[in-house]
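Quick look at my_file24.cif (mmCIF, C-alpha atoms; chains and numbers go by the auth columns):
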```cif
data_target
#
loop_
_atom_site.group_PDB
_atom_site.id
_atom_site.type_symbol
_atom_site.label_atom_id
_atom_site.label_comp_id
_atom_site.label_asym_id
_atom_site.label_seq_id
_atom_site.Cartn_x
_atom_site.Cartn_y
_atom_site.Cartn_z
_atom_site.B_iso_or_equiv
_atom_site.auth_seq_id
_atom_site.auth_asym_id
ATOM 1 C CA MET A 1 51.805 54.985 73.871 0.00 17 A
ATOM 2 C CA SER A 2 51.964 58.595 72.853 0.00 18 A
ATOM 3 C CA GLU A 3 54.870 60.933 73.470 0.00 19 A
ATOM 4 C CA ASN A 4 52.896 63.014 76.029 0.00 20 A
ATOM 5 C CA ASN A 5 52.061 59.883 78.088 0.00 21 A
ATOM 6 C CA LYS A 6 55.757 58.921 78.196 0.00 22 A
ATOM 7 C CA ILE A 7 56.692 62.365 79.498 0.00 23 A
ATOM 8 C CA ILE A 8 53.957 62.237 82.187 0.00 24 A
ATOM 9 C CA ILE A 9 55.049 58.760 83.338 0.00 25 A
ATOM 10 C CA LEU A 10 58.687 59.893 83.449 0.00 26 A
ATOM 11 C CA LEU A 11 57.836 63.017 85.459 0.00 27 A
ATOM 12 C CA ALA A 12 55.677 61.030 87.905 0.00 28 A
ATOM 13 C CA SER A 13 58.286 58.292 88.359 0.00 29 A
ATOM 14 C CA VAL A 14 61.095 60.666 89.434 0.00 30 A
ATOM 15 C CA PRO A 15 59.478 61.623 92.801 0.00 31 A
ATOM 16 C CA LEU A 16 58.479 57.996 93.398 0.00 32 A
ATOM 17 C CA VAL A 17 62.058 56.816 92.890 0.00 33 A
ATOM 18 C CA ALA A 18 63.319 59.570 95.200 0.00 34 A
ATOM 19 C CA VAL A 19 60.880 58.535 97.963 0.00 35 A
ATOM 20 C CA LEU A 20 61.874 54.874 97.525 0.00 36 A
ATOM 21 C CA ILE A 21 65.589 55.747 97.845 0.00 37 A
ATOM 22 C CA LEU A 22 64.949 57.832 100.980 0.00 38 A
ATOM 23 C CA TYR A 23 62.988 54.956 102.530 0.00 39 A
ATOM 24 C CA LEU A 24 65.758 52.453 101.811 0.00 40 A
ATOM 25 C CA ILE A 25 68.558 54.601 103.240 0.00 41 A
ATOM 26 C CA SER A 26 66.590 55.632 106.336 0.00 42 A
ATOM 27 C CA ASP A 27 67.470 52.308 107.968 0.00 43 A
ATOM 28 C CA VAL A 28 71.187 52.770 107.334 0.00 44 A
ATOM 29 C CA LYS A 29 73.056 53.886 110.454 0.00 45 A
ATOM 30 C CA PHE A 30 76.355 55.694 110.139 0.00 46 A
ATOM 31 C CA SER A 31 78.901 55.476 112.909 0.00 47 A
ATOM 32 C CA LEU A 32 81.581 58.048 113.577 0.00 48 A
ATOM 33 C CA SER A 33 85.047 56.813 112.872 0.00 49 A
ATOM 34 C CA PHE A 34 87.302 59.421 114.461 0.00 50 A
ATOM 35 C CA SER A 35 90.712 58.696 115.851 0.00 51 A
ATOM 36 C CA ALA A 36 91.397 59.241 119.555 0.00 52 A
ATOM 37 C CA GLU A 37 93.106 62.579 118.813 0.00 53 A
ATOM 38 C CA GLU A 38 90.189 63.777 116.696 0.00 54 A
ATOM 39 C CA GLN A 39 87.753 62.861 119.464 0.00 55 A
ATOM 40 C CA LYS A 40 89.818 64.930 121.917 0.00 56 A
ATOM 41 C CA VAL A 41 89.524 67.909 119.584 0.00 57 A
ATOM 42 C CA PHE A 42 85.740 67.542 119.318 0.00 58 A
ATOM 43 C CA ASN A 43 85.387 67.165 123.087 0.00 59 A
ATOM 44 C CA PHE A 44 87.589 70.195 123.848 0.00 60 A
ATOM 45 C CA ASN A 45 86.342 72.496 126.561 0.00 61 A
ATOM 46 C CA TYR A 46 88.006 75.796 127.450 0.00 62 A
ATOM 47 C CA GLU A 47 87.421 75.199 131.152 0.00 63 A
ATOM 48 C CA GLN A 48 89.696 72.139 131.016 0.00 64 A
ATOM 49 C CA ILE A 49 92.772 74.326 130.485 0.00 65 A
ATOM 50 C CA PRO A 50 94.712 74.603 133.753 0.00 66 A
ATOM 51 C CA GLN A 51 95.041 78.050 135.258 0.00 67 A
ATOM 52 C CA PHE A 52 98.628 79.185 135.732 0.00 68 A
ATOM 53 C CA ALA A 53 99.700 81.542 138.466 0.00 69 A
ATOM 54 C CA HIS A 54 100.290 85.097 137.278 0.00 70 A
ATOM 55 C CA ARG A 55 103.988 85.647 136.698 0.00 71 A
ATOM 56 C CA GLY A 56 105.506 88.952 137.675 0.00 72 A
ATOM 57 C CA LYS A 57 107.905 90.962 135.594 0.00 73 A
ATOM 58 C CA SER A 58 111.488 89.784 135.545 0.00 74 A
ATOM 59 C CA PRO A 59 113.907 92.522 136.557 0.00 75 A
ATOM 60 C CA VAL A 60 116.494 93.512 133.993 0.00 76 A
ATOM 61 C CA ILE A 61 119.847 93.821 135.651 0.00 77 A
ATOM 62 C CA SER A 62 121.685 95.718 132.948 0.00 78 A
ATOM 63 C CA ILE A 63 121.654 96.105 129.216 0.00 79 A
ATOM 64 C CA LYS A 64 124.789 97.250 127.477 0.00 80 A
ATOM 65 C CA SER A 65 124.511 99.274 124.309 0.00 81 A
ATOM 66 C CA PRO A 66 125.944 97.519 121.248 0.00 82 A
ATOM 67 C CA ILE A 67 127.337 100.864 120.055 0.00 83 A
ATOM 68 C CA ASP A 68 130.318 102.351 121.809 0.00 84 A
ATOM 69 C CA LEU A 69 129.837 106.084 121.175 0.00 85 A
ATOM 70 C CA PRO A 70 133.356 107.398 121.891 0.00 86 A
ATOM 71 C CA GLN A 71 134.806 104.756 119.599 0.00 87 A
ATOM 72 C CA SER A 72 132.306 105.480 116.801 0.00 88 A
ATOM 73 C CA ALA A 73 133.176 109.190 116.867 0.00 89 A
ATOM 74 C CA GLU A 74 136.820 108.310 116.362 0.00 90 A
ATOM 75 C CA ARG A 75 135.977 106.343 113.217 0.00 91 A
ATOM 76 C CA GLY A 76 134.769 109.455 111.417 0.00 92 A
ATOM 77 C CA TYR A 77 131.058 109.314 112.177 0.00 93 A
ATOM 78 C CA PRO A 78 129.407 112.719 112.546 0.00 94 A
ATOM 79 C CA LYS A 79 129.435 114.187 116.037 0.00 95 A
ATOM 80 C CA THR A 80 126.259 116.236 115.471 0.00 96 A
ATOM 81 C CA THR A 81 122.829 115.024 116.542 0.00 97 A
ATOM 82 C CA LEU A 82 120.087 114.217 114.069 0.00 98 A
ATOM 83 C CA SER A 83 118.029 117.220 115.176 0.00 99 A
ATOM 84 C CA GLU A 84 120.925 119.471 114.196 0.00 100 A
ATOM 85 C CA MET A 85 121.263 117.766 110.797 0.00 101 A
ATOM 86 C CA ALA A 86 117.503 117.960 109.963 0.00 102 A
ATOM 87 C CA PRO A 87 116.652 120.496 107.290 0.00 103 A
ATOM 88 C CA PRO A 88 115.584 123.845 108.710 0.00 104 A
ATOM 89 C CA PRO A 89 112.013 124.998 108.191 0.00 105 A
ATOM 90 C CA ASP A 90 111.357 127.354 105.298 0.00 106 A
ATOM 91 C CA ALA A 91 111.467 131.139 105.594 0.00 107 A
ATOM 92 C CA ALA A 92 107.903 131.356 106.964 0.00 108 A
ATOM 93 C CA GLY A 93 108.883 128.911 109.726 0.00 109 A
ATOM 94 C CA ARG A 94 106.413 126.319 108.427 0.00 110 A
ATOM 95 C CA ARG A 95 107.117 122.621 107.915 0.00 111 A
ATOM 96 C CA VAL A 96 104.904 120.368 105.740 0.00 112 A
ATOM 97 C CA SER A 97 105.109 116.790 106.962 0.00 113 A
ATOM 98 C CA PHE A 98 102.217 115.070 105.136 0.00 114 A
ATOM 99 C CA ILE A 99 100.042 115.596 102.045 0.00 115 A
ATOM 100 C CA LEU A 100 96.953 113.577 101.095 0.00 116 A
ATOM 101 C CA LEU A 101 95.241 114.149 97.760 0.00 117 A
ATOM 102 C CA HIS A 102 91.647 112.935 97.541 0.00 118 A
ATOM 103 C CA LYS A 103 88.814 113.396 95.038 0.00 119 A
ATOM 104 C CA LYS A 104 86.702 115.519 97.386 0.00 120 A
ATOM 105 C CA ARG A 105 89.282 117.251 99.603 0.00 121 A
ATOM 106 C CA ASN A 106 93.055 117.627 99.658 0.00 122 A
ATOM 107 C CA LEU A 107 94.573 117.575 103.146 0.00 123 A
ATOM 108 C CA ALA A 108 97.986 118.327 104.601 0.00 124 A
ATOM 109 C CA ILE A 109 99.726 118.467 107.939 0.00 125 A
ATOM 110 C CA VAL A 110 101.625 121.720 108.455 0.00 126 A
ATOM 111 C CA ASP A 111 103.442 122.245 111.758 0.00 127 A
ATOM 112 C CA GLY A 112 101.471 119.344 113.241 0.00 128 A
ATOM 113 C CA LYS A 113 98.072 120.815 112.288 0.00 129 A
ATOM 114 C CA LEU A 114 95.626 119.256 109.819 0.00 130 A
ATOM 115 C CA VAL A 115 94.702 121.775 107.105 0.00 131 A
ATOM 116 C CA HIS A 116 92.819 121.765 103.804 0.00 132 A
ATOM 117 C CA GLU A 117 92.468 124.100 100.843 0.00 133 A
ATOM 118 C CA GLY A 118 90.863 127.310 102.061 0.00 134 A
ATOM 119 C CA SER A 119 92.178 126.975 105.634 0.00 135 A
ATOM 120 C CA LEU A 120 93.909 129.854 107.314 0.00 136 A
ATOM 121 C CA LEU A 121 97.420 129.287 108.576 0.00 137 A
ATOM 122 C CA GLY A 122 98.378 132.375 110.539 0.00 138 A
ATOM 123 C CA ASN A 123 97.797 135.292 108.148 0.00 139 A
ATOM 124 C CA HIS A 124 98.176 133.014 105.094 0.00 140 A
ATOM 125 C CA LYS A 125 95.383 131.200 103.274 0.00 141 A
ATOM 126 C CA ILE A 126 96.044 127.767 101.775 0.00 142 A
ATOM 127 C CA ALA A 127 95.174 128.287 98.123 0.00 143 A
ATOM 128 C CA ARG A 128 96.206 124.925 96.659 0.00 144 A
ATOM 129 C CA ILE A 129 97.596 121.584 97.788 0.00 145 A
ATOM 130 C CA GLU A 130 99.584 119.560 95.278 0.00 146 A
ATOM 131 C CA LYS A 131 101.384 116.215 95.604 0.00 147 A
ATOM 132 C CA ASP A 132 104.631 117.695 96.954 0.00 148 A
ATOM 133 C CA LYS A 133 103.915 121.341 97.798 0.00 149 A
ATOM 134 C CA ILE A 134 101.356 123.773 99.210 0.00 150 A
ATOM 135 C CA LEU A 135 100.565 127.272 97.914 0.00 151 A
ATOM 136 C CA LEU A 136 100.098 129.937 100.601 0.00 152 A
ATOM 137 C CA LYS A 137 98.565 133.302 99.690 0.00 153 A
ATOM 138 C CA SER A 138 98.484 136.437 101.786 0.00 154 A
ATOM 139 C CA GLY A 139 98.522 140.199 101.350 0.00 155 A
ATOM 140 C CA GLU A 140 102.298 139.943 100.994 0.00 156 A
ATOM 141 C CA GLY A 141 102.077 137.580 98.008 0.00 157 A
ATOM 142 C CA GLU A 142 102.331 133.864 97.275 0.00 158 A
ATOM 143 C CA LYS A 143 104.692 131.336 98.770 0.00 159 A
ATOM 144 C CA TRP A 144 105.163 127.620 98.102 0.00 160 A
ATOM 145 C CA LEU A 145 105.902 125.243 100.992 0.00 161 A
ATOM 146 C CA LYS A 146 107.576 121.992 99.953 0.00 162 A
ATOM 147 C CA LEU A 147 107.010 118.615 101.582 0.00 163 A
ATOM 148 C CA ASP A 148 109.902 117.585 103.873 0.00 164 A
#
```
Just give me the structure of the file as structure tokens.
Amino acid sequence: MSENNKIIILLASVPLVAVLILYLISDVKFSLSFSAEEQKVFNFNYEQIPQFAHRGKSPVISIKSPIDLPQSAERGYPKTTLSEMAPPPDAAGRRVSFILLHKKRNLAIVDGKLVHEGSLLGNHKIARIEKDKILLKSGEGEKWLKLD
């Protein structure tokens, strides 16, 4: 038998063996062997969950603060509020609260307004936005605003 005939017989026998195996296992029946808990999970239905009556809000009688303010002031804590201790805005009255540097456009939030390079802020133009400061230009000159 030549080498080519062996290859042809081998290639033809592979599908025949596959068909024979499929025929033999077609009569085999598999049964599910799940535990009782697993069967409950497979048979779960959302509608089987009991509906509970809507519960109203519970009234809060009183909540006492864990900090006794008169006592804390006696211990040497500052008596000023946080708003009084916050740093004042710069000379122009502007406060920079956020800076975002991006490939296409640099953005900042100044006095609660979203601005970008080239925007007008009052009579000032935003010339440049860097990672921690903004350059304002106007007829009066240049001024840097620092990030709070």
Handout entry: Neighbour list for Lys159 in chain A as JSON, numbers by chain, cut-off 9 Å, all atoms listed in the file, skip fewer than 4 positions in-chain
Key = {"A": [108, 150, 151, 152, 153, 154]}
Output C-alpha atoms for every residue in the selection just made, as a PDB file, in the coordinates of the input.
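Heads up, here's the output in out.pdb:
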```
ATOM      1  CA  ALA A 108     107.903 131.356 106.964  1.00  0.00           C
ATOM      2  CA  ILE A 150     101.356 123.773  99.210  1.00  0.00           C
ATOM      3  CA  LEU A 151     100.565 127.272  97.914  1.00  0.00           C
ATOM      4  CA  LEU A 152     100.098 129.937 100.601  1.00  0.00           C
ATOM      5  CA  LYS A 153      98.565 133.302  99.690  1.00  0.00           C
ATOM      6  CA  SER A 154      98.484 136.437 101.786  1.00  0.00           C
TER       7      SER A 154
END
```
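Taking CA of Asp127 in chain A and CA of Val112 in chain A as the two end points, the separation is 6.5 Å.
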Completion exercise
Taken to one decimal, the CA of Asp148 in chain A-CA of Lys162 in chain A distance is 6.0 Å
Practice task
Go ahead and compute the interatomic distance for CA of Phe50 in chain A and CA of Ile37 in chain A, in Å to one decimal.
Solution key: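 Value for the CA of Phe50 in chain A-CA of Ile37 in chain A distance: 27.6 Å.
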Centre, x/y/z edge lengths, axis-aligned box for range 34-44 of chain A with 6 Å per side, as lines of an AutoDock Vina configuration file:
```
center_x = 66.0
center_y = 55.9
center_z = 101.6
size_x = 22.3
size_y = 19.3
size_z = 24.8
```
Handout entry: Polymer residues at most 10 Å from (100.2, 121.5, 96.1) by only C-alpha atoms, as number ranges by chain
Key = A: 115-117, 122-124, 133, 142-152, 160-163
Put those residues in a file: C-alpha atoms, as a JSON list (two decimals), in the coordinates of the input.
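Saved to again04.json:
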```json
[["chain", "number", "residue", "atom", "x", "y", "z"],
["A", 115, "ILE", "CA", 100.04, 115.60, 102.04],
["A", 116, "LEU", "CA", 96.95, 113.58, 101.10],
["A", 117, "LEU", "CA", 95.24, 114.15, 97.76],
["A", 122, "ASN", "CA", 93.06, 117.63, 99.66],
["A", 123, "LEU", "CA", 94.57, 117.58, 103.15],
["A", 124, "ALA", "CA", 97.99, 118.33, 104.60],
["A", 133, "GLU", "CA", 92.47, 124.10, 100.84],
["A", 142, "ILE", "CA", 96.04, 127.77, 101.78],
["A", 143, "ALA", "CA", 95.17, 128.29, 98.12],
["A", 144, "ARG", "CA", 96.21, 124.92, 96.66],
["A", 145, "ILE", "CA", 97.60, 121.58, 97.79],
["A", 146, "GLU", "CA", 99.58, 119.56, 95.28],
["A", 147, "LYS", "CA", 101.38, 116.22, 95.60],
["A", 148, "ASP", "CA", 104.63, 117.70, 96.95],
["A", 149, "LYS", "CA", 103.92, 121.34, 97.80],
["A", 150, "ILE", "CA", 101.36, 123.77, 99.21],
["A", 151, "LEU", "CA", 100.56, 127.27, 97.91],
["A", 152, "LEU", "CA", 100.10, 129.94, 100.60],
["A", 160, "TRP", "CA", 105.16, 127.62, 98.10],
["A", 161, "LEU", "CA", 105.90, 125.24, 100.99],
["A", 162, "LYS", "CA", 107.58, 121.99, 99.95],
["A", 163, "LEU", "CA", 107.01, 118.62, 101.58]]
```
Problem - Residue IDs satisfying the PyMOL selection byres ((chain A and resi 129) around 12), as a PyMOL selection string - result: chain A and resi 110-115+123-128+130-132+135-138
Handout entry: Selected residue of minimal separation from Glu158 in chain A among A:Lys80, A:Leu36, A:Asn139, A:Val30, counting all atoms listed in the file
Key =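 When distances to Glu158 in chain A are compared using all atoms listed in the file, the smallest one comes from A:Asn139.
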